[in-house]
Structures are given as structure tokens and as C-alpha cells.
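This is data-v1.pdb (PDB, C-alpha atoms).
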```pdb
ATOM      1  CA  MET X   1     126.199  68.914 100.950
ATOM      2  CA  ASP X   2     127.139  70.857  97.937
ATOM      3  CA  LEU X   3     127.979  74.550  97.839
ATOM      4  CA  ASP X   4     124.795  75.526  95.953
ATOM      5  CA  LEU X   5     122.573  74.099  98.690
ATOM      6  CA  LEU X   6     124.557  75.871 101.410
ATOM      7  CA  LEU X   7     124.301  79.206  99.565
ATOM      8  CA  ARG X   8     120.534  78.849  99.171
ATOM      9  CA  LEU X   9     120.125  77.923 102.839
ATOM     10  CA  GLY X  10     122.305  80.849 103.943
ATOM     11  CA  GLY X  11     120.436  83.273 101.662
ATOM     12  CA  SER X  12     117.085  82.082 103.005
ATOM     13  CA  LEU X  13     118.201  82.533 106.611
ATOM     14  CA  LEU X  14     119.563  85.995 105.837
ATOM     15  CA  ALA X  15     116.237  87.010 104.250
ATOM     16  CA  ILE X  16     114.285  85.721 107.278
ATOM     17  CA  PHE X  17     116.465  87.688 109.690
ATOM     18  CA  ALA X  18     116.181  90.813 107.525
ATOM     19  CA  LEU X  19     112.370  90.605 107.515
ATOM     20  CA  ALA X  20     112.273  89.967 111.261
ATOM     21  CA  GLY X  21     114.500  92.992 111.838
ATOM     22  CA  LEU X  22     112.284  95.171 109.641
ATOM     23  CA  ALA X  23     109.151  94.023 111.499
ATOM     24  CA  TRP X  24     110.835  94.776 114.830
ATOM     25  CA  LYS X  25     111.923  98.246 113.653
ATOM     26  CA  LEU X  26     108.388  99.047 112.456
ATOM     27  CA  ARG X  27     106.968  97.696 115.741
ATOM     28  CA  LEU X  28     104.742  95.225 113.962
ATOM     29  CA  GLY X  29     103.175  92.381 115.900
ATOM     30  CA  GLY X  30     103.771  91.997 119.582
ATOM     31  CA  ASP X  31     101.326  92.211 122.429
ATOM     32  CA  LEU X  32      99.958  95.742 122.297
ATOM     33  CA  ARG X  33      98.121  96.858 125.452
ATOM     34  CA  ILE X  34      97.054 100.072 127.141
ATOM     35  CA  ARG X  35      99.749 100.417 129.786
ATOM     36  CA  ASP X  36      98.222 103.004 132.120
ATOM     37  CA  GLU X  37      95.989 106.075 132.290
ATOM     38  CA  ALA X  38      98.627 108.298 130.701
ATOM     39  CA  HIS X  39      98.871 105.953 127.729
ATOM     40  CA  ALA X  40      95.060 105.839 127.412
ATOM     41  CA  ARG X  41      94.913 109.652 127.462
ATOM     42  CA  GLU X  42      97.596 109.824 124.770
ATOM     43  CA  LEU X  43      95.693 107.370 122.552
ATOM     44  CA  ALA X  44      92.468 109.352 123.063
ATOM     45  CA  GLU X  45      94.175 112.626 122.085
ATOM     46  CA  GLU X  46      95.555 110.949 118.950
ATOM     47  CA  ALA X  47      92.102 109.657 118.014
ATOM     48  CA  VAL X  48      90.065 112.804 118.755
ATOM     49  CA  TYR X  49      91.928 116.093 118.663
ATOM     50  CA  GLY X  50      91.359 118.077 121.851
ATOM     51  CA  PHE X  51      89.872 115.170 123.813
ATOM     52  CA  ASP X  52      91.077 115.781 127.379
ATOM     53  CA  ALA X  53      90.006 112.845 129.531
ATOM     54  CA  ALA X  54      88.835 113.658 133.045
ATOM     55  CA  ASP X  55      87.901 110.056 133.913
ATOM     56  CA  VAL X  56      89.546 106.850 132.652
ATOM     57  CA  ALA X  57      88.692 103.156 133.047
ATOM     58  CA  ILE X  58      91.043 100.574 131.545
ATOM     59  CA  ASP X  59      90.121  96.965 130.907
ATOM     60  CA  ARG X  60      92.103  94.657 133.209
ATOM     61  CA  ALA X  61      93.759  93.013 130.185
ATOM     62  CA  GLY X  62      94.650  96.406 128.691
ATOM     63  CA  HIS X  63      92.829  95.720 125.420
ATOM     64  CA  ALA X  64      90.259  98.507 125.750
ATOM     65  CA  ALA X  65      89.366 101.622 127.748
ATOM     66  CA  LEU X  66      86.574 104.100 128.364
ATOM     67  CA  LEU X  67      87.403 107.787 128.794
ATOM     68  CA  ARG X  68      85.149 110.731 129.660
ATOM     69  CA  ASP X  69      86.014 114.386 129.148
ATOM     70  CA  ALA X  70      84.783 117.427 131.077
ATOM     71  CA  ASN X  71      81.952 117.925 128.540
ATOM     72  CA  GLY X  72      80.544 114.460 129.263
ATOM     73  CA  ARG X  73      81.672 112.927 125.955
ATOM     74  CA  VAL X  74      82.686 109.274 126.279
ATOM     75  CA  LEU X  75      85.344 107.707 124.069
ATOM     76  CA  LEU X  76      85.735 103.951 123.637
ATOM     77  CA  LEU X  77      89.216 102.678 122.767
ATOM     78  CA  ARG X  78      89.835  99.118 121.620
ATOM     79  CA  ARG X  79      92.743  97.225 120.217
ATOM     80  CA  HIS X  80      92.552  96.699 116.476
ATOM     81  CA  GLY X  81      95.496  94.660 115.206
ATOM     82  CA  ALA X  82      98.727  96.509 115.932
ATOM     83  CA  HIS X  83      96.890  99.788 116.640
ATOM     84  CA  PHE X  84      93.973 101.138 118.627
ATOM     85  CA  ALA X  85      90.624 102.241 117.231
ATOM     86  CA  ALA X  86      88.399 104.794 118.945
ATOM     87  CA  ARG X  87      84.765 105.879 118.765
ATOM     88  CA  LEU X  88      82.882 108.636 120.532
ATOM     89  CA  LEU X  89      79.817 107.026 122.068
ATOM     90  CA  THR X  90      76.379 108.451 121.353
ATOM     91  CA  GLY X  91      72.800 107.825 122.389
ATOM     92  CA  HIS X  92      72.793 104.864 119.982
ATOM     93  CA  THR X  93      75.271 103.065 122.224
ATOM     94  CA  HIS X  94      74.096  99.984 124.040
ATOM     95  CA  ALA X  95      75.695  98.694 127.203
ATOM     96  CA  ARG X  96      75.140  95.445 129.044
ATOM     97  CA  LEU X  97      76.519  94.704 132.491
ATOM     98  CA  ASP X  98      77.557  91.181 133.481
ATOM     99  CA  ARG X  99      79.046  91.343 136.979
ATOM    100  CA  HIS X 100      82.385  93.113 136.500
ATOM    101  CA  GLN X 101      82.276  93.024 132.727
ATOM    102  CA  LEU X 102      80.724  95.738 130.635
ATOM    103  CA  VAL X 103      79.774  94.956 127.035
ATOM    104  CA  VAL X 104      79.585  98.125 124.930
ATOM    105  CA  GLY X 105      78.280  98.308 121.378
ATOM    106  CA  THR X 106      78.265 101.294 119.065
ATOM    107  CA  ALA X 107      75.927 102.219 116.236
ATOM    108  CA  GLU X 108      78.664 101.003 113.859
ATOM    109  CA  ARG X 109      78.359  97.309 113.141
ATOM    110  CA  ARG X 110      81.921  97.217 111.766
ATOM    111  CA  PHE X 111      83.357  98.460 115.075
ATOM    112  CA  GLY X 112      81.674  95.600 116.897
ATOM    113  CA  GLU X 113      80.984  95.059 120.551
ATOM    114  CA  VAL X 114      83.725  95.488 123.114
ATOM    115  CA  THR X 115      83.847  93.617 126.426
ATOM    116  CA  LEU X 116      85.703  95.451 129.178
ATOM    117  CA  ASP X 117      86.590  93.818 132.475
ATOM    118  CA  LEU X 118      86.446  96.909 134.692
ATOM    119  CA  GLY X 119      86.064  95.263 138.066
ATOM    120  CA  PRO X 120      83.987  97.330 140.524
ATOM    121  CA  GLN X 121      84.016 100.308 138.120
ATOM    122  CA  ALA X 122      81.803  98.421 135.648
ATOM    123  CA  GLN X 123      78.552  99.411 137.413
ATOM    124  CA  TYR X 124      79.524 103.094 137.498
ATOM    125  CA  TRP X 125      80.350 103.152 133.794
ATOM    126  CA  ALA X 126      77.234 101.148 132.825
ATOM    127  CA  ALA X 127      75.012 103.648 134.633
ATOM    128  CA  SER X 128      76.753 106.606 133.028
ATOM    129  CA  LEU X 129      76.455 105.103 129.523
ATOM    130  CA  ARG X 130      72.699 104.735 129.971
ATOM    131  CA  ARG X 131      72.508 108.527 130.403
ATOM    132  CA  LEU X 132      74.081 109.286 127.003
TER     133      LEU X 132
END
```
Target encoding C-alpha cells, full file:
Amino acid sequence: MDLDLLLRLGGSLLAIFALAGLAWKLRLGGDLRIRDEAHARELAEEAVYGFDAADVAIDRAGHAALLRDANGRVLLLRRHGAHFAARLLTGHTHARLDRHQLVVGTAERRFGEVTLDLGPQAQYWAASLRRL
């Protein structure tokens, strides 16, 4: 091997490690999930100022959550890339129950449908969403 090839290989490896370090520092990638109710409440407060959740249901995989405040407003959180997106649900929301899974759709086509595996809580949340 000649010196030029070794320098190019070393420079390439250094650049790869630098980019990986930058991605790690910026917390890019990874497996982002809703850890617990406190984390879900924090995400809801970030999304809607003043939203104080009284009731929380987190998808078993941690990819989505439903939160209700004292005023009866319901917020849907879902993972969107390396962040979470949130929407306040309205009367235009549709919900479909399939055993322990609740499929929730908003009036926004771009937000899409969200499937939450809520276990036994799915029936409770499906009934409450029908009353919106």
C-alpha cells in the first residue's frame, strides 16, 4: 500500500467518526419512544401550551399516546421521525376499535391514522372519542 491510499483511508474514517459523533450529540436517529406518563405529559405541554393532562394512555410500543385534560380536550401524540407530532382531536375525528387496538384518524390527511395498542383501555378511549 502506498502512503496516499493510507491517508485517504484514514481521512475517510475520521470523517465518518466525526459525522457519527455529531449525530450522537444532536440526538439524531435512535429508537425514540414515549417512556412513561411523565414523558407523555411533557411532550403534550411542549405541543400545546397549558395542556395539563388528567388522563393518559400510552401505546404499548411507546410510539403514540392519547391524553385528556380537565376540560375534556383530547390530544393525540405520535412519533414522527426523531420527534413527536401532536393534534388536538375534534368532532371530525374517527376512531375504530379492533380488540385492544384503537385506530384514530384526524381531519388532517397529512397527519394520517394512528394505531394504538392500549390493551384493556382501548374500549374506554374509543367510547370517549365517540363523544367528541
Residues returned when the PyMOL selection byres ((chain X and resi 38) around 12) runs on this file, as an mmCIF file with C-alpha atoms, in the frame of the given file:
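Ended up saving to part_16.cif:
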```cif
data_model
loop_
_atom_site.group_PDB
_atom_site.id
_atom_site.type_symbol
_atom_site.label_atom_id
_atom_site.label_comp_id
_atom_site.auth_asym_id
_atom_site.auth_seq_id
_atom_site.Cartn_x
_atom_site.Cartn_y
_atom_site.Cartn_z
ATOM 1 C CA ILE X 34 97.054 100.072 127.141
ATOM 2 C CA ARG X 35 99.749 100.417 129.786
ATOM 3 C CA ASP X 36 98.222 103.004 132.120
ATOM 4 C CA GLU X 37 95.989 106.075 132.290
ATOM 5 C CA HIS X 39 98.871 105.953 127.729
ATOM 6 C CA ALA X 40 95.060 105.839 127.412
ATOM 7 C CA ARG X 41 94.913 109.652 127.462
ATOM 8 C CA GLU X 42 97.596 109.824 124.770
ATOM 9 C CA LEU X 43 95.693 107.370 122.552
ATOM 10 C CA ALA X 44 92.468 109.352 123.063
ATOM 11 C CA GLU X 45 94.175 112.626 122.085
ATOM 12 C CA ASP X 52 91.077 115.781 127.379
ATOM 13 C CA ALA X 53 90.006 112.845 129.531
ATOM 14 C CA ALA X 54 88.835 113.658 133.045
ATOM 15 C CA ASP X 55 87.901 110.056 133.913
ATOM 16 C CA VAL X 56 89.546 106.850 132.652
ATOM 17 C CA ALA X 57 88.692 103.156 133.047
ATOM 18 C CA ILE X 58 91.043 100.574 131.545
ATOM 19 C CA ALA X 65 89.366 101.622 127.748
ATOM 20 C CA LEU X 67 87.403 107.787 128.794
#
```
Exercise. X:Leu97, X:Leu26, X:Ala70, X:Ala15: which is nearest X:Leu118, counting all atoms listed in the file?
Worked result: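 Nearest to X:Leu118: X:Leu97.
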Specify as an MDAnalysis selection string each residue included when the PyMOL selection byres ((chain X and resi 101) around 10) is applied to this file.
-> chainID X and resid 59:60 96:100 102:104 115:123 126
Point (76.5, 99.9, 117.4) neighbourhood (12 Å, all atoms listed in the file) written as an MDAnalysis selection string
chainID X and resid 76 87:95 103:114
For stretch 82-85 of chain X: contacts at 9 Å, all atoms listed in the file, fewer than 3 positions along chain excluded, given as an mmCIF file with C-alpha atoms, in the coordinates of the input:
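Result file follows (selection.cif):
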```
data_model
loop_
_atom_site.group_PDB
_atom_site.id
_atom_site.type_symbol
_atom_site.label_atom_id
_atom_site.label_comp_id
_atom_site.auth_asym_id
_atom_site.auth_seq_id
_atom_site.Cartn_x
_atom_site.Cartn_y
_atom_site.Cartn_z
ATOM 1 C CA ARG X 27 106.968 97.696 115.741
ATOM 2 C CA LEU X 28 104.742 95.225 113.962
ATOM 3 C CA GLY X 29 103.175 92.381 115.900
ATOM 4 C CA GLY X 30 103.771 91.997 119.582
ATOM 5 C CA ASP X 31 101.326 92.211 122.429
ATOM 6 C CA LEU X 32 99.958 95.742 122.297
ATOM 7 C CA LEU X 43 95.693 107.370 122.552
ATOM 8 C CA ALA X 47 92.102 109.657 118.014
ATOM 9 C CA HIS X 63 92.829 95.720 125.420
ATOM 10 C CA ALA X 64 90.259 98.507 125.750
ATOM 11 C CA LEU X 76 85.735 103.951 123.637
ATOM 12 C CA LEU X 77 89.216 102.678 122.767
ATOM 13 C CA ARG X 78 89.835 99.118 121.620
ATOM 14 C CA ARG X 79 92.743 97.225 120.217
ATOM 15 C CA PHE X 111 83.357 98.460 115.075
#
```
inquiry  = Please determine, counting all atoms listed in the file, which residue among X:Leu6, X:Leu13, X:Arg130, X:Leu75 has the shortest atom-to-atom distance to X:Glu46.
reply    =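 The answer is X:Leu75, which sits nearest to X:Glu46.
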Quick check, in Å to one decimal: how far apart do atom CA of X:Ser128 and atom CA of X:Arg33 lie?
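Straight-line distance from atom CA of X:Ser128 to atom CA of X:Arg33 works out to 24.7 Å.
Taking atom CA of X:Asn71 and atom CA of X:Tyr49 as endpoints, the distance between them is 14.2 Å.
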Draw an axis-aligned box over all listed atoms of stretch 123-126 of chain X, pad each side with 6 Å, and write its centre and edge lengths in Å, one decimal, as AutoDock Vina command-line options.
```
--center_x 78.8 --center_y 101.3 --center_z 135.2 --size_x 15.1 --size_y 15.7 --size_z 16.7
```
In terms of only C-alpha atoms, the residue from X:Arg73, X:Ala86, X:Leu5, X:His80 at minimal distance from X:Arg131 is X:Arg73
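Between atom CA of X:Asp2 and atom CA of X:Ala20 the interatomic distance comes to 27.6 Å.
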For stretch 41-55 of chain X, supply N, CA, C and O atoms and report the output as a PDB file, in the frame of the given file.
```
ATOM      1  N   ARG X  41      95.155 108.235 127.798  1.00  0.00           N
ATOM      2  CA  ARG X  41      94.913 109.652 127.462  1.00  0.00           C
ATOM      3  C   ARG X  41      95.620 110.038 126.164  1.00  0.00           C
ATOM      4  O   ARG X  41      95.075 110.765 125.335  1.00  0.00           O
ATOM      5  N   GLU X  42      96.832 109.549 125.993  1.00  0.00           N
ATOM      6  CA  GLU X  42      97.596 109.824 124.770  1.00  0.00           C
ATOM      7  C   GLU X  42      96.891 109.241 123.544  1.00  0.00           C
ATOM      8  O   GLU X  42      96.765 109.902 122.514  1.00  0.00           O
ATOM      9  N   LEU X  43      96.410 108.003 123.657  1.00  0.00           N
ATOM     10  CA  LEU X  43      95.693 107.370 122.552  1.00  0.00           C
ATOM     11  C   LEU X  43      94.397 108.120 122.237  1.00  0.00           C
ATOM     12  O   LEU X  43      94.028 108.272 121.073  1.00  0.00           O
ATOM     13  N   ALA X  44      93.709 108.606 123.268  1.00  0.00           N
ATOM     14  CA  ALA X  44      92.468 109.352 123.063  1.00  0.00           C
ATOM     15  C   ALA X  44      92.745 110.671 122.346  1.00  0.00           C
ATOM     16  O   ALA X  44      92.006 111.056 121.435  1.00  0.00           O
ATOM     17  N   GLU X  45      93.806 111.358 122.729  1.00  0.00           N
ATOM     18  CA  GLU X  45      94.175 112.626 122.085  1.00  0.00           C
ATOM     19  C   GLU X  45      94.552 112.400 120.620  1.00  0.00           C
ATOM     20  O   GLU X  45      94.219 113.208 119.758  1.00  0.00           O
ATOM     21  N   GLU X  46      95.212 111.280 120.335  1.00  0.00           N
ATOM     22  CA  GLU X  46      95.555 110.949 118.950  1.00  0.00           C
ATOM     23  C   GLU X  46      94.304 110.678 118.125  1.00  0.00           C
ATOM     24  O   GLU X  46      94.240 111.022 116.952  1.00  0.00           O
ATOM     25  N   ALA X  47      93.318 110.043 118.728  1.00  0.00           N
ATOM     26  CA  ALA X  47      92.102 109.657 118.014  1.00  0.00           C
ATOM     27  C   ALA X  47      91.165 110.835 117.799  1.00  0.00           C
ATOM     28  O   ALA X  47      90.586 110.983 116.724  1.00  0.00           O
ATOM     29  N   VAL X  48      90.985 111.658 118.823  1.00  0.00           N
ATOM     30  CA  VAL X  48      90.065 112.804 118.755  1.00  0.00           C
ATOM     31  C   VAL X  48      90.824 114.036 119.245  1.00  0.00           C
ATOM     32  O   VAL X  48      91.086 114.163 120.446  1.00  0.00           O
ATOM     33  N   TYR X  49      91.163 114.906 118.312  1.00  0.00           N
ATOM     34  CA  TYR X  49      91.928 116.093 118.663  1.00  0.00           C
ATOM     35  C   TYR X  49      91.201 116.909 119.731  1.00  0.00           C
ATOM     36  O   TYR X  49      90.009 117.168 119.632  1.00  0.00           O
ATOM     37  N   GLY X  50      91.923 117.255 120.791  1.00  0.00           N
ATOM     38  CA  GLY X  50      91.359 118.077 121.851  1.00  0.00           C
ATOM     39  C   GLY X  50      90.625 117.296 122.927  1.00  0.00           C
ATOM     40  O   GLY X  50      90.104 117.895 123.862  1.00  0.00           O
ATOM     41  N   PHE X  51      90.561 115.970 122.802  1.00  0.00           N
ATOM     42  CA  PHE X  51      89.872 115.170 123.813  1.00  0.00           C
ATOM     43  C   PHE X  51      90.766 115.102 125.047  1.00  0.00           C
ATOM     44  O   PHE X  51      91.847 114.521 125.028  1.00  0.00           O
ATOM     45  N   ASP X  52      90.316 115.725 126.134  1.00  0.00           N
ATOM     46  CA  ASP X  52      91.077 115.781 127.379  1.00  0.00           C
ATOM     47  C   ASP X  52      90.312 114.984 128.432  1.00  0.00           C
ATOM     48  O   ASP X  52      89.348 115.474 129.014  1.00  0.00           O
ATOM     49  N   ALA X  53      90.733 113.761 128.652  1.00  0.00           N
ATOM     50  CA  ALA X  53      90.006 112.845 129.531  1.00  0.00           C
ATOM     51  C   ALA X  53      90.082 113.284 130.986  1.00  0.00           C
ATOM     52  O   ALA X  53      91.147 113.546 131.518  1.00  0.00           O
ATOM     53  N   ALA X  54      88.916 113.349 131.618  1.00  0.00           N
ATOM     54  CA  ALA X  54      88.835 113.658 133.045  1.00  0.00           C
ATOM     55  C   ALA X  54      88.701 112.369 133.858  1.00  0.00           C
ATOM     56  O   ALA X  54      89.066 112.327 135.020  1.00  0.00           O
ATOM     57  N   ASP X  55      88.162 111.321 133.235  1.00  0.00           N
ATOM     58  CA  ASP X  55      87.901 110.056 133.913  1.00  0.00           C
ATOM     59  C   ASP X  55      88.305 108.925 132.965  1.00  0.00           C
ATOM     60  O   ASP X  55      87.952 108.950 131.783  1.00  0.00           O
TER      61      ASP X  55
END
```
